[in-house]
file protein21.csv (CSV, C-alpha atoms)
chain,number,residue,atom,x,y,z
A,21,MET,CA,94.5,-388.7,118.3
A,22,ALA,CA,95.6,-387.8,114.8
A,23,VAL,CA,97.6,-384.7,115.7
A,24,SER,CA,99.6,-383.6,118.7
A,25,GLY,CA,97.9,-381.6,121.5
A,26,LYS,CA,100.3,-378.7,120.9
A,27,LEU,CA,99.3,-378.5,117.2
A,28,ARG,CA,95.6,-378.8,118.1
A,29,ARG,CA,96.0,-375.8,120.5
A,30,GLN,CA,97.8,-373.8,117.9
A,31,MET,CA,95.2,-374.5,115.3
A,32,ALA,CA,92.5,-373.3,117.7
A,33,GLU,CA,94.4,-370.2,118.6
A,34,GLY,CA,95.7,-369.1,115.3
A,35,GLY,CA,93.0,-370.0,112.8
A,36,TRP,CA,91.0,-366.8,112.7
A,37,ILE,CA,92.0,-365.8,109.1
A,38,ARG,CA,91.4,-369.2,107.7
A,39,LYS,CA,88.2,-369.6,109.7
A,40,MET,CA,86.7,-366.4,108.3
A,41,PHE,CA,87.8,-367.4,104.8
A,42,GLU,CA,86.0,-370.7,105.2
A,43,GLU,CA,82.9,-368.9,106.6
A,44,GLY,CA,82.9,-366.9,103.5
A,45,ILE,CA,82.8,-370.0,101.3
A,46,ALA,CA,79.8,-371.3,103.2
A,47,LEU,CA,78.0,-368.0,103.0
A,48,LYS,CA,78.6,-367.7,99.3
A,49,LYS,CA,77.1,-371.1,98.8
A,50,GLN,CA,74.1,-370.0,100.8
A,51,PHE,CA,73.5,-366.5,99.5
A,52,GLY,CA,75.4,-366.3,96.3
A,53,GLU,CA,78.9,-365.0,95.4
A,54,ASP,CA,77.7,-361.4,94.8
A,55,LYS,CA,75.8,-361.2,98.2
A,56,VAL,CA,78.8,-361.9,100.4
A,57,PHE,CA,81.6,-359.3,101.0
A,58,ASP,CA,84.8,-361.1,102.0
A,59,LEU,CA,87.4,-358.8,103.3
A,60,SER,CA,89.2,-361.4,105.4
A,61,LEU,CA,92.1,-362.6,103.4
A,62,GLY,CA,95.2,-360.8,102.0
A,63,ASN,CA,94.9,-362.6,98.6
A,64,PRO,CA,95.7,-359.9,96.0
A,65,VAL,CA,92.9,-359.3,93.5
A,66,LEU,CA,95.2,-357.5,91.0
A,67,GLU,CA,96.8,-359.6,88.3
A,68,PRO,CA,100.5,-359.6,87.8
A,69,PRO,CA,101.9,-356.9,85.6
A,70,GLU,CA,102.4,-357.3,81.8
A,71,GLU,CA,106.2,-357.6,82.3
A,72,PHE,CA,105.6,-360.8,84.3
A,73,ARG,CA,103.4,-362.3,81.6
A,74,ARG,CA,106.0,-361.5,79.0
A,75,GLU,CA,108.8,-363.2,80.9
A,76,LEU,CA,106.6,-366.2,81.8
A,77,ARG,CA,105.7,-366.7,78.1
A,78,LYS,CA,109.3,-366.4,77.1
A,79,TRP,CA,110.5,-369.2,79.5
A,80,VAL,CA,107.5,-371.5,78.8
A,81,ASN,CA,107.5,-371.1,75.0
A,82,THR,CA,111.3,-371.1,74.5
A,83,PRO,CA,112.6,-373.4,77.3
A,84,VAL,CA,116.3,-373.7,78.1
A,85,SER,CA,117.8,-377.1,78.5
A,86,GLY,CA,118.1,-378.0,82.2
A,87,MET,CA,115.9,-375.2,83.4
A,88,HIS,CA,113.8,-377.5,85.6
A,89,ARG,CA,116.8,-379.2,87.3
A,90,TYR,CA,118.3,-378.5,90.7
A,91,MET,CA,120.5,-375.4,91.0
A,92,PRO,CA,122.6,-374.3,94.0
A,93,ASN,CA,120.5,-374.3,97.1
A,94,ALA,CA,121.0,-370.5,97.4
A,95,GLY,CA,119.4,-370.1,93.9
A,96,TYR,CA,120.5,-369.2,90.5
A,97,PRO,CA,123.6,-367.0,90.6
A,98,GLU,CA,122.1,-364.8,87.8
A,99,THR,CA,118.9,-364.2,89.8
A,100,ARG,CA,120.8,-363.5,93.1
A,101,ALA,CA,123.0,-361.0,91.2
A,102,ALA,CA,119.9,-359.3,89.8
A,103,VAL,CA,118.5,-358.9,93.3
A,104,ALA,CA,121.8,-357.6,94.6
A,105,GLU,CA,122.0,-355.1,91.8
A,106,HIS,CA,118.5,-353.9,92.7
A,107,LEU,CA,119.3,-353.7,96.4
A,108,SER,CA,122.6,-351.8,95.7
A,109,ALA,CA,120.7,-349.2,93.6
A,110,SER,CA,118.0,-348.9,96.3
A,111,THR,CA,120.2,-348.7,99.4
A,112,GLY,CA,123.6,-347.4,98.1
A,113,LEU,CA,125.2,-350.4,99.8
A,114,PRO,CA,127.6,-352.8,98.0
A,115,PHE,CA,125.4,-355.9,97.7
A,116,THR,CA,126.6,-358.9,95.8
A,117,LEU,CA,125.0,-362.2,95.0
A,118,ASN,CA,126.9,-363.6,98.0
A,119,GLU,CA,124.5,-361.7,100.4
A,120,VAL,CA,121.3,-363.1,98.7
A,121,ILE,CA,119.5,-366.4,99.0
A,122,MET,CA,116.4,-367.1,97.0
A,123,THR,CA,113.6,-368.7,99.0
A,124,CYS,CA,110.1,-370.1,98.9
A,125,GLY,CA,108.4,-366.8,99.6
A,126,ALA,CA,108.9,-364.6,102.7
A,127,ALA,CA,107.6,-367.4,104.9
A,128,GLY,CA,110.3,-369.7,103.7
A,129,ALA,CA,112.8,-366.9,104.2
A,130,ILE,CA,111.8,-366.1,107.8
A,131,ASN,CA,111.9,-369.8,108.7
A,132,ALA,CA,115.3,-370.2,107.2
A,133,VAL,CA,116.5,-367.1,109.2
A,134,LEU,CA,115.1,-368.4,112.5
A,135,LYS,CA,116.5,-371.9,111.9
A,136,ALA,CA,120.0,-370.4,111.2
A,137,ILE,CA,120.2,-368.0,114.2
A,138,LEU,CA,118.2,-369.5,117.1
A,139,GLU,CA,119.3,-371.8,119.9
A,140,ALA,CA,116.5,-373.5,121.9
A,141,GLY,CA,114.9,-371.0,124.2
A,142,ASP,CA,116.2,-367.9,122.5
A,143,GLU,CA,113.7,-365.0,122.5
A,144,VAL,CA,112.4,-363.2,119.4
A,145,ILE,CA,110.6,-359.9,120.1
A,146,ILE,CA,107.6,-359.0,117.9
A,147,PHE,CA,105.4,-356.0,118.1
A,148,SER,CA,101.6,-356.4,118.5
A,149,PRO,CA,99.6,-356.2,116.4
A,150,PHE,CA,101.6,-358.8,114.4
A,151,PHE,CA,101.2,-361.3,111.6
A,152,VAL,CA,100.0,-364.3,113.5
A,153,GLU,CA,102.2,-366.8,111.7
A,154,TYR,CA,105.3,-365.2,113.3
A,155,ILE,CA,104.4,-367.0,116.6
A,156,TYR,CA,104.5,-370.4,114.9
A,157,TYR,CA,107.6,-369.7,112.8
A,158,ILE,CA,109.4,-368.9,116.0
A,159,ASP,CA,108.1,-372.0,117.8
A,160,ASN,CA,109.1,-374.1,114.8
A,161,HIS,CA,112.8,-373.4,115.7
A,162,GLN,CA,112.4,-373.8,119.5
A,163,GLY,CA,112.4,-370.0,120.0
A,164,ALA,CA,110.2,-368.1,122.4
A,165,ALA,CA,108.1,-365.2,121.1
A,166,ARG,CA,108.1,-362.2,123.3
A,167,THR,CA,105.4,-359.6,122.5
A,168,VAL,CA,105.8,-355.8,122.9
A,169,VAL,CA,102.7,-353.7,122.4
A,170,ALA,CA,103.1,-350.9,119.8
A,171,ASP,CA,101.9,-347.4,120.6
A,172,GLU,CA,98.4,-346.0,119.9
A,173,ASN,CA,99.5,-345.3,116.3
A,174,PHE,CA,100.8,-348.9,115.9
A,175,VAL,CA,104.4,-347.7,115.9
A,176,PRO,CA,107.0,-349.7,117.9
A,177,ASP,CA,107.4,-348.3,121.4
A,178,LEU,CA,111.2,-348.1,121.8
A,179,ARG,CA,111.2,-347.7,125.5
A,180,ALA,CA,109.0,-350.8,125.9
A,181,LEU,CA,111.3,-352.6,123.5
A,182,GLU,CA,114.4,-351.7,125.6
A,183,ASN,CA,112.7,-352.9,128.7
A,184,ALA,CA,111.7,-356.2,127.0
A,185,ILE,CA,115.2,-357.2,125.8
A,186,THR,CA,116.8,-359.8,128.0
A,187,PRO,CA,120.1,-361.8,127.9
A,188,ARG,CA,118.1,-364.4,125.9
A,189,THR,CA,117.0,-362.0,123.2
A,190,ARG,CA,118.4,-363.1,119.8
A,191,ALA,CA,116.3,-361.1,117.3
A,192,VAL,CA,113.7,-358.4,116.9
A,193,LEU,CA,111.3,-359.1,114.0
A,194,VAL,CA,109.5,-356.1,112.4
A,195,ASN,CA,107.1,-355.8,109.5
A,196,SER,CA,106.8,-352.4,107.6
A,197,PRO,CA,104.5,-351.7,105.9
A,198,ASN,CA,102.7,-353.6,108.5
A,199,ASN,CA,100.1,-356.4,108.4
A,200,PRO,CA,97.5,-355.9,109.8
A,201,THR,CA,97.7,-352.1,110.3
A,202,GLY,CA,99.2,-350.7,107.1
A,203,VAL,CA,101.5,-348.5,109.1
A,204,VAL,CA,104.9,-347.6,107.6
A,205,TYR,CA,107.7,-347.2,110.1
A,206,SER,CA,109.6,-343.9,109.7
A,207,GLU,CA,113.4,-343.5,109.4
A,208,GLU,CA,113.4,-342.1,112.9
A,209,THR,CA,111.7,-345.3,114.2
A,210,ILE,CA,114.0,-347.6,112.4
A,211,ARG,CA,117.1,-345.6,113.5
A,212,GLY,CA,115.7,-345.8,117.1
A,213,LEU,CA,115.4,-349.6,116.8
A,214,GLY,CA,119.0,-349.9,115.7
A,215,GLU,CA,120.2,-347.7,118.6
A,216,VAL,CA,118.3,-349.7,121.1
A,217,LEU,CA,119.7,-353.0,119.8
A,218,GLY,CA,123.2,-351.5,119.7
A,219,ARG,CA,123.0,-350.5,123.3
A,220,LYS,CA,121.6,-353.9,124.4
A,221,GLU,CA,124.3,-355.8,122.5
A,222,LYS,CA,126.9,-353.9,124.5
A,223,GLU,CA,125.1,-354.4,127.7
A,224,TYR,CA,124.7,-358.2,127.3
A,225,GLY,CA,127.7,-358.9,125.1
A,226,ARG,CA,125.5,-360.7,122.7
A,227,GLU,CA,124.5,-360.1,119.1
A,228,ILE,CA,120.9,-359.2,118.4
A,229,PHE,CA,119.6,-359.4,114.9
A,230,LEU,CA,117.1,-357.0,113.3
A,231,VAL,CA,115.0,-359.1,111.0
A,232,SER,CA,112.8,-357.0,108.7
A,233,ASP,CA,109.9,-358.6,106.8
A,234,ASP,CA,109.7,-356.3,103.8
A,235,VAL,CA,107.0,-358.1,101.8
A,236,TYR,CA,104.9,-355.0,101.4
A,237,ARG,CA,107.8,-352.6,100.7
A,238,LYS,CA,106.6,-351.5,97.3
A,239,LEU,CA,103.0,-351.0,98.4
A,240,VAL,CA,103.2,-347.5,99.9
A,241,TYR,CA,101.1,-344.4,99.2
A,242,ASP,CA,101.1,-340.6,99.2
A,243,GLY,CA,104.8,-340.3,98.6
A,244,ILE,CA,105.7,-342.0,101.9
A,245,GLU,CA,109.3,-343.4,102.1
A,246,CYS,CA,109.8,-346.9,103.4
A,247,PRO,CA,113.4,-346.9,104.8
A,248,TYR,CA,115.6,-349.9,104.6
A,249,ALA,CA,116.8,-351.2,108.0
A,250,PHE,CA,120.3,-352.1,106.7
A,251,HIS,CA,121.6,-348.5,107.4
A,252,TYR,CA,120.7,-348.6,111.1
A,253,HIS,CA,122.0,-351.9,112.5
A,254,PRO,CA,124.8,-354.0,111.1
A,255,ALA,CA,123.2,-357.3,112.1
A,256,THR,CA,120.2,-356.8,109.8
A,257,ILE,CA,118.5,-359.4,107.7
A,258,VAL,CA,115.7,-358.6,105.3
A,259,THR,CA,113.2,-361.1,104.1
A,260,THR,CA,110.7,-360.5,101.4
A,261,SER,CA,108.8,-362.0,98.5
A,262,HIS,CA,107.0,-361.1,95.3
A,263,SER,CA,103.7,-362.2,96.6
A,264,LYS,CA,102.4,-358.7,96.9
A,265,ASP,CA,104.4,-356.4,94.6
A,266,LEU,CA,104.0,-358.7,91.6
A,267,ALA,CA,100.7,-360.3,92.8
A,268,LEU,CA,102.3,-363.8,92.9
A,269,PRO,CA,101.3,-365.3,96.3
A,270,GLY,CA,100.8,-368.8,94.9
A,271,GLU,CA,104.2,-368.9,93.2
A,272,ARG,CA,106.1,-368.8,96.5
A,273,ILE,CA,109.1,-366.8,95.3
A,274,GLY,CA,111.2,-364.5,97.6
A,275,TYR,CA,114.6,-364.0,99.1
A,276,VAL,CA,116.8,-363.3,102.1
A,277,ALA,CA,119.3,-360.4,102.0
A,278,VAL,CA,122.0,-360.1,104.6
A,279,ASN,CA,123.5,-356.7,105.3
A,280,PRO,CA,126.8,-356.4,103.4
A,281,SER,CA,128.1,-354.4,106.4
A,282,TYR,CA,127.7,-357.3,108.7
A,283,ALA,CA,131.1,-358.7,109.7
A,284,ASP,CA,130.1,-362.4,109.9
A,285,ARG,CA,127.9,-362.4,106.8
A,286,ALA,CA,129.8,-365.3,105.1
A,287,GLU,CA,129.1,-367.7,108.0
A,288,LEU,CA,125.5,-366.4,108.3
A,289,VAL,CA,124.8,-366.9,104.6
A,290,ASN,CA,126.3,-370.4,104.7
A,291,GLY,CA,123.9,-371.1,107.6
A,292,LEU,CA,120.9,-369.7,105.7
A,293,VAL,CA,121.7,-371.8,102.6
A,294,PHE,CA,122.0,-375.0,104.8
A,295,ALA,CA,118.7,-374.1,106.6
A,296,ASN,CA,116.9,-373.5,103.3
A,297,ARG,CA,117.9,-377.0,102.3
A,298,VAL,CA,117.3,-379.0,105.5
A,299,LEU,CA,113.9,-377.3,106.1
A,300,GLY,CA,112.8,-379.1,103.0
A,301,TYR,CA,112.5,-376.1,100.7
A,302,VAL,CA,115.7,-377.3,98.9
A,303,ASN,CA,115.6,-374.3,96.6
A,304,ALA,CA,113.2,-371.6,95.4
A,305,PRO,CA,111.1,-372.6,92.4
A,306,ALA,CA,113.3,-372.7,89.3
A,307,LEU,CA,110.8,-371.2,86.8
A,308,MET,CA,109.9,-368.3,89.1
A,309,GLN,CA,113.6,-367.5,89.7
A,310,ASN,CA,114.1,-367.2,86.0
A,311,VAL,CA,111.0,-365.1,85.5
A,312,VAL,CA,111.5,-362.6,88.3
A,313,ARG,CA,115.2,-362.0,87.5
A,314,VAL,CA,114.4,-359.0,85.3
A,315,LEU,CA,111.4,-357.8,87.3
A,316,GLN,CA,113.1,-356.5,90.4
A,317,ASP,CA,112.0,-352.9,89.7
A,318,ALA,CA,108.5,-353.9,88.5
A,319,SER,CA,105.2,-353.9,90.5
A,320,VAL,CA,101.5,-353.9,90.2
A,321,ASP,CA,99.8,-350.6,89.8
A,322,ILE,CA,99.9,-349.2,93.4
A,323,GLU,CA,97.5,-346.4,92.5
A,324,LEU,CA,94.7,-349.0,92.3
A,325,TYR,CA,95.3,-350.0,95.9
A,326,ARG,CA,95.5,-346.4,97.0
A,327,LYS,CA,92.0,-345.7,95.6
A,328,LYS,CA,90.6,-348.8,97.4
A,329,ARG,CA,92.2,-347.6,100.6
A,330,ASP,CA,90.7,-344.1,100.2
A,331,LEU,CA,87.2,-345.4,99.5
A,332,LEU,CA,87.3,-347.6,102.6
A,333,TYR,CA,89.1,-345.3,105.0
A,334,GLU,CA,86.9,-342.3,104.2
A,335,SER,CA,83.7,-344.3,104.4
A,336,LEU,CA,84.6,-345.8,107.8
A,337,VAL,CA,85.6,-342.5,109.3
A,338,GLY,CA,82.4,-341.0,108.0
A,339,MET,CA,80.5,-343.7,109.8
A,340,GLY,CA,82.2,-342.9,113.1
A,341,TYR,CA,84.9,-345.7,113.2
A,342,SER,CA,88.2,-344.9,114.9
A,343,VAL,CA,90.9,-345.7,112.3
A,344,VAL,CA,94.7,-345.1,112.0
A,345,LYS,CA,95.1,-344.2,108.3
A,346,PRO,CA,97.2,-346.9,106.6
A,347,MET,CA,100.1,-345.6,104.5
A,348,GLY,CA,101.1,-349.0,102.9
A,349,ALA,CA,100.2,-352.6,102.4
A,350,PHE,CA,96.5,-353.3,101.8
A,351,TYR,CA,95.0,-353.6,105.2
A,352,ILE,CA,93.1,-351.3,107.6
A,353,PHE,CA,92.8,-352.0,111.3
A,354,PRO,CA,89.9,-350.1,112.9
A,355,ARG,CA,89.1,-350.1,116.6
A,356,SER,CA,86.1,-352.3,117.4
A,357,PRO,CA,83.1,-350.2,118.5
A,358,ILE,CA,82.5,-352.7,121.3
A,359,GLU,CA,85.1,-354.3,123.6
A,360,ASP,CA,84.6,-357.8,122.3
A,361,ASP,CA,86.1,-357.7,118.8
A,362,ALA,CA,85.1,-361.3,118.0
A,363,ALA,CA,81.5,-360.4,118.8
A,364,PHE,CA,81.7,-357.4,116.5
A,365,VAL,CA,83.1,-359.5,113.7
A,366,ARG,CA,80.1,-361.8,114.2
A,367,LEU,CA,77.8,-358.8,113.9
A,368,LEU,CA,79.4,-357.9,110.6
A,369,GLN,CA,79.1,-361.5,109.5
A,370,GLU,CA,75.3,-361.2,110.0
A,371,GLN,CA,75.5,-358.5,107.3
A,372,ARG,CA,77.5,-360.9,105.2
A,373,VAL,CA,80.7,-358.8,105.7
A,374,LEU,CA,83.7,-360.9,106.6
A,375,THR,CA,86.6,-359.4,108.6
A,376,VAL,CA,89.1,-360.8,111.1
A,377,PRO,CA,89.1,-360.0,114.9
A,378,GLY,CA,92.1,-358.2,116.2
A,379,ARG,CA,92.8,-360.9,118.7
A,380,GLY,CA,94.0,-363.0,115.8
A,381,PHE,CA,96.9,-360.5,115.5
A,382,GLY,CA,97.6,-360.2,119.2
A,383,SER,CA,95.5,-357.0,119.6
A,384,PRO,CA,92.0,-357.6,121.0
A,385,GLY,CA,89.6,-354.6,120.5
A,386,PHE,CA,90.4,-354.1,116.9
A,387,PHE,CA,89.5,-355.9,113.6
A,388,ARG,CA,91.3,-356.3,110.3
A,389,ILE,CA,89.9,-355.5,106.9
A,390,SER,CA,91.7,-356.5,103.7
A,391,TYR,CA,91.1,-354.2,100.8
A,392,CYS,CA,93.0,-356.1,98.1
A,393,VAL,CA,89.6,-357.1,96.7
A,394,GLU,CA,87.4,-356.0,93.8
A,395,ASP,CA,85.8,-352.5,94.2
A,396,ARG,CA,82.4,-354.1,94.2
A,397,VAL,CA,83.2,-356.0,97.3
A,398,ILE,CA,84.3,-352.8,99.2
A,399,GLU,CA,81.3,-350.9,97.9
A,400,GLY,CA,78.9,-353.8,98.8
A,401,SER,CA,80.3,-354.0,102.3
A,402,LEU,CA,79.6,-350.4,103.2
A,403,ALA,CA,76.0,-350.9,104.1
A,404,GLY,CA,76.9,-353.7,106.5
A,405,PHE,CA,79.6,-351.6,108.1
A,406,ARG,CA,77.1,-348.7,108.5
A,407,LEU,CA,74.4,-350.8,110.0
A,408,ALA,CA,76.9,-352.5,112.4
A,409,ALA,CA,78.1,-349.0,113.4
A,410,LYS,CA,74.6,-347.8,114.2
A,411,LYS,CA,73.8,-350.9,116.2
A,412,CYS,CA,76.9,-350.2,118.3
A,413,GLY,CA,76.1,-346.5,118.9
A,414,LEU,CA,78.6,-344.9,116.5
A,415,ARG,CA,77.6,-341.5,115.1
A,416,GLY,CA,78.8,-340.7,111.6
call {"tool": "encode", "arguments": {"input": "protein21.csv", "output": "structure tokens"}}
result
Amino acid sequence: MAVSGKLRRQMAEGGWIRKMFEEGIALKKQFGEDKVFDLSLGNPVLEPPEEFRRELRKWVNTPVSGMHRYMPNAGYPETRAAVAEHLSASTGLPFTLNEVIMTCGAAGAINAVLKAILEAGDEVIIFSPFFVEYIYYIDNHQGAARTVVADENFVPDLRALENAITPRTRAVLVNSPNNPTGVVYSEETIRGLGEVLGRKEKEYGREIFLVSDDVYRKLVYDGIECPYAFHYHPATIVTTSHSKDLALPGERIGYVAVNPSYADRAELVNGLVFANRVLGYVNAPALMQNVVRVLQDASVDIELYRKKRDLLYESLVGMGYSVVKPMGAFYIFPRSPIEDDAAFVRLLQEQRVLTVPGRGFGSPGFFRISYCVEDRVIEGSLAGFRLAAKKCGLRG
């Protein structure tokens, strides 16, 4: 037996996204690249902005002595200070470099956070639908994931959250704009989350962290505001990366930011730096730390994603699909026309349209579409969505 039974079970349960991606590779070999419409993976099609290319050329063409050596495990002080300056301007809070740790993407950031705050058996609450890797990140650090179902609009149900918190709850992990739904949590929702956590902290005499995965923060549409959680709960930690806003998923560059209003932030930051090291990340990539230092206010052209969203959303609604309109990120999460979402995804696959069943995100009965793809892929998929809708009795 090459791998543990536990890992084998996890691979079987949590491999939907990768499975559909691999199905796409096989179908493209069989039918040709232009005959398969892969909407399964959140791998941004947009190229990084020109500012990124300029900075990358600068560092590659005029290298600085020692730029590829180790730096402090928290990252370059200059980069952390640049992040802190951006956060201070965005939030009005007095961030300094001492509240920022550079990480290997948001995944590295979340794992460092969970390593730092969890005791064995501590519970972390997540809202379904959720990014499936959260389950495994929590398990990595001997925590227990506790799922609370979001409401019909994919917004956290605060009453359900309050009922789910127990004396073992250590953190609530949220993601807005959300993967897989594209929903952006309002200021009222975030405030409510903070109020619930404050009440429960007093009830149980135990600190409960609000961990906010902000990886899609800059990808919002239609003038929607994406509030920072720092203002609504002192024990707030934000994790993020430049995978989406600068289209750099393969470069693995992100950070953790601890609320400057949190009383024990110095101890927490020291724990995060230690966790970053002993988890094997050691430090965030040196070259990328240097490059993104001056790009904290930059992003890809969000308008291009909005146009893709509008094309897909309006087309699906016109075909009769039931869809909550996404206001951020680059995903859409329609209800499956039939109860078995995996069967419906297979029906789409017969039309060479690749999506991911909602059960892969803790929400059977839905399916996820990723629209961070070329327009021709979206346009080419529409005939398949239309035929599948007709076969399932939808009326557009």
call {"tool": "residues_around", "arguments": {"input": "protein21.csv", "residues": "Ala409 in chain A", "least_positions_apart": "3", "cutoff": "12 Å", "atoms": "all atoms listed in the file", "output": "PyMOL selection string"}}
result
chain A and resi 335-342+354-358+364-365+367-368+371+402-406+412-416
call {"tool": "residues_around", "arguments": {"input": "protein21.csv", "residues": "Phe381 in chain A", "least_positions_apart": "4", "cutoff": "6 Å", "atoms": "only C-alpha atoms", "output": "short mmCIF file (atom, residue, chain, number, x, y, z; two decimals) with C-alpha atoms, keeping the file's coordinate frame"}}
result
data_model
loop_
_atom_site.label_atom_id
_atom_site.label_comp_id
_atom_site.auth_asym_id
_atom_site.auth_seq_id
_atom_site.Cartn_x
_atom_site.Cartn_y
_atom_site.Cartn_z
CA PRO A 149 99.60 -356.20 116.40
CA PHE A 150 101.60 -358.80 114.40
CA PHE A 151 101.20 -361.30 111.60
CA VAL A 152 100.00 -364.30 113.50
#
call {"tool": "closest_residue", "arguments": {"input": "protein21.csv", "among": "A:Val144, A:Leu47, A:Val240, A:Leu292", "to": "Asp321 in chain A", "atoms": "all atoms listed in the file"}}
result
A:Val240
call {"tool": "atom_distance", "arguments": {"input": "protein21.csv", "atom1": "CA of Gly274 in chain A", "atom2": "CA of Ala295 in chain A"}}
result
15.1 Å
call {"tool": "closest_residue", "arguments": {"input": "protein21.csv", "among": "A:Asn290, A:Asn296, A:Asn160, A:Asn310", "to": "Val84 in chain A", "atoms": "only C-alpha atoms"}}
result
A:Asn310
call {"tool": "closest_residue", "arguments": {"input": "protein21.csv", "among": "A:Val311, A:Met21, A:Ala249, A:Val133", "to": "Trp79 in chain A", "atoms": "only C-alpha atoms"}}
result
A:Val311
call {"tool": "residues_near_point", "arguments": {"input": "protein21.csv", "point": "(105.2, -344.9, 119.8)", "cutoff": "12 Å", "atoms": "only C-alpha atoms", "output": "tab-separated table (two decimals) with C-alpha atoms, keeping the file's coordinate frame"}}
result
chain	number	residue	atom	x	y	z
A	147	PHE	CA	105.40	-356.00	118.10
A	168	VAL	CA	105.80	-355.80	122.90
A	169	VAL	CA	102.70	-353.70	122.40
A	170	ALA	CA	103.10	-350.90	119.80
A	171	ASP	CA	101.90	-347.40	120.60
A	172	GLU	CA	98.40	-346.00	119.90
A	173	ASN	CA	99.50	-345.30	116.30
A	174	PHE	CA	100.80	-348.90	115.90
A	175	VAL	CA	104.40	-347.70	115.90
A	176	PRO	CA	107.00	-349.70	117.90
A	177	ASP	CA	107.40	-348.30	121.40
A	178	LEU	CA	111.20	-348.10	121.80
A	179	ARG	CA	111.20	-347.70	125.50
A	180	ALA	CA	109.00	-350.80	125.90
A	181	LEU	CA	111.30	-352.60	123.50
A	203	VAL	CA	101.50	-348.50	109.10
A	205	TYR	CA	107.70	-347.20	110.10
A	206	SER	CA	109.60	-343.90	109.70
A	208	GLU	CA	113.40	-342.10	112.90
A	209	THR	CA	111.70	-345.30	114.20
A	210	ILE	CA	114.00	-347.60	112.40
A	212	GLY	CA	115.70	-345.80	117.10
A	213	LEU	CA	115.40	-349.60	116.80
call {"tool": "residues_around", "arguments": {"input": "protein21.csv", "residues": "Arg89 in chain A", "least_positions_apart": "4", "cutoff": "12 Å", "atoms": "all atoms listed in the file", "output": "PDB file with C-alpha atoms, in the frame of the given file"}}
result
ATOM      1  CA  VAL A  84     116.300-373.700  78.100  1.00  0.00           C
ATOM      2  CA  SER A  85     117.800-377.100  78.500  1.00  0.00           C
ATOM      3  CA  ASN A  93     120.500-374.300  97.100  1.00  0.00           C
ATOM      4  CA  GLY A  95     119.400-370.100  93.900  1.00  0.00           C
ATOM      5  CA  TYR A  96     120.500-369.200  90.500  1.00  0.00           C
ATOM      6  CA  VAL A 302     115.700-377.300  98.900  1.00  0.00           C
ATOM      7  CA  ASN A 303     115.600-374.300  96.600  1.00  0.00           C
ATOM      8  CA  ALA A 304     113.200-371.600  95.400  1.00  0.00           C
ATOM      9  CA  PRO A 305     111.100-372.600  92.400  1.00  0.00           C
ATOM     10  CA  ALA A 306     113.300-372.700  89.300  1.00  0.00           C
ATOM     11  CA  LEU A 307     110.800-371.200  86.800  1.00  0.00           C
TER      12      LEU A 307
END
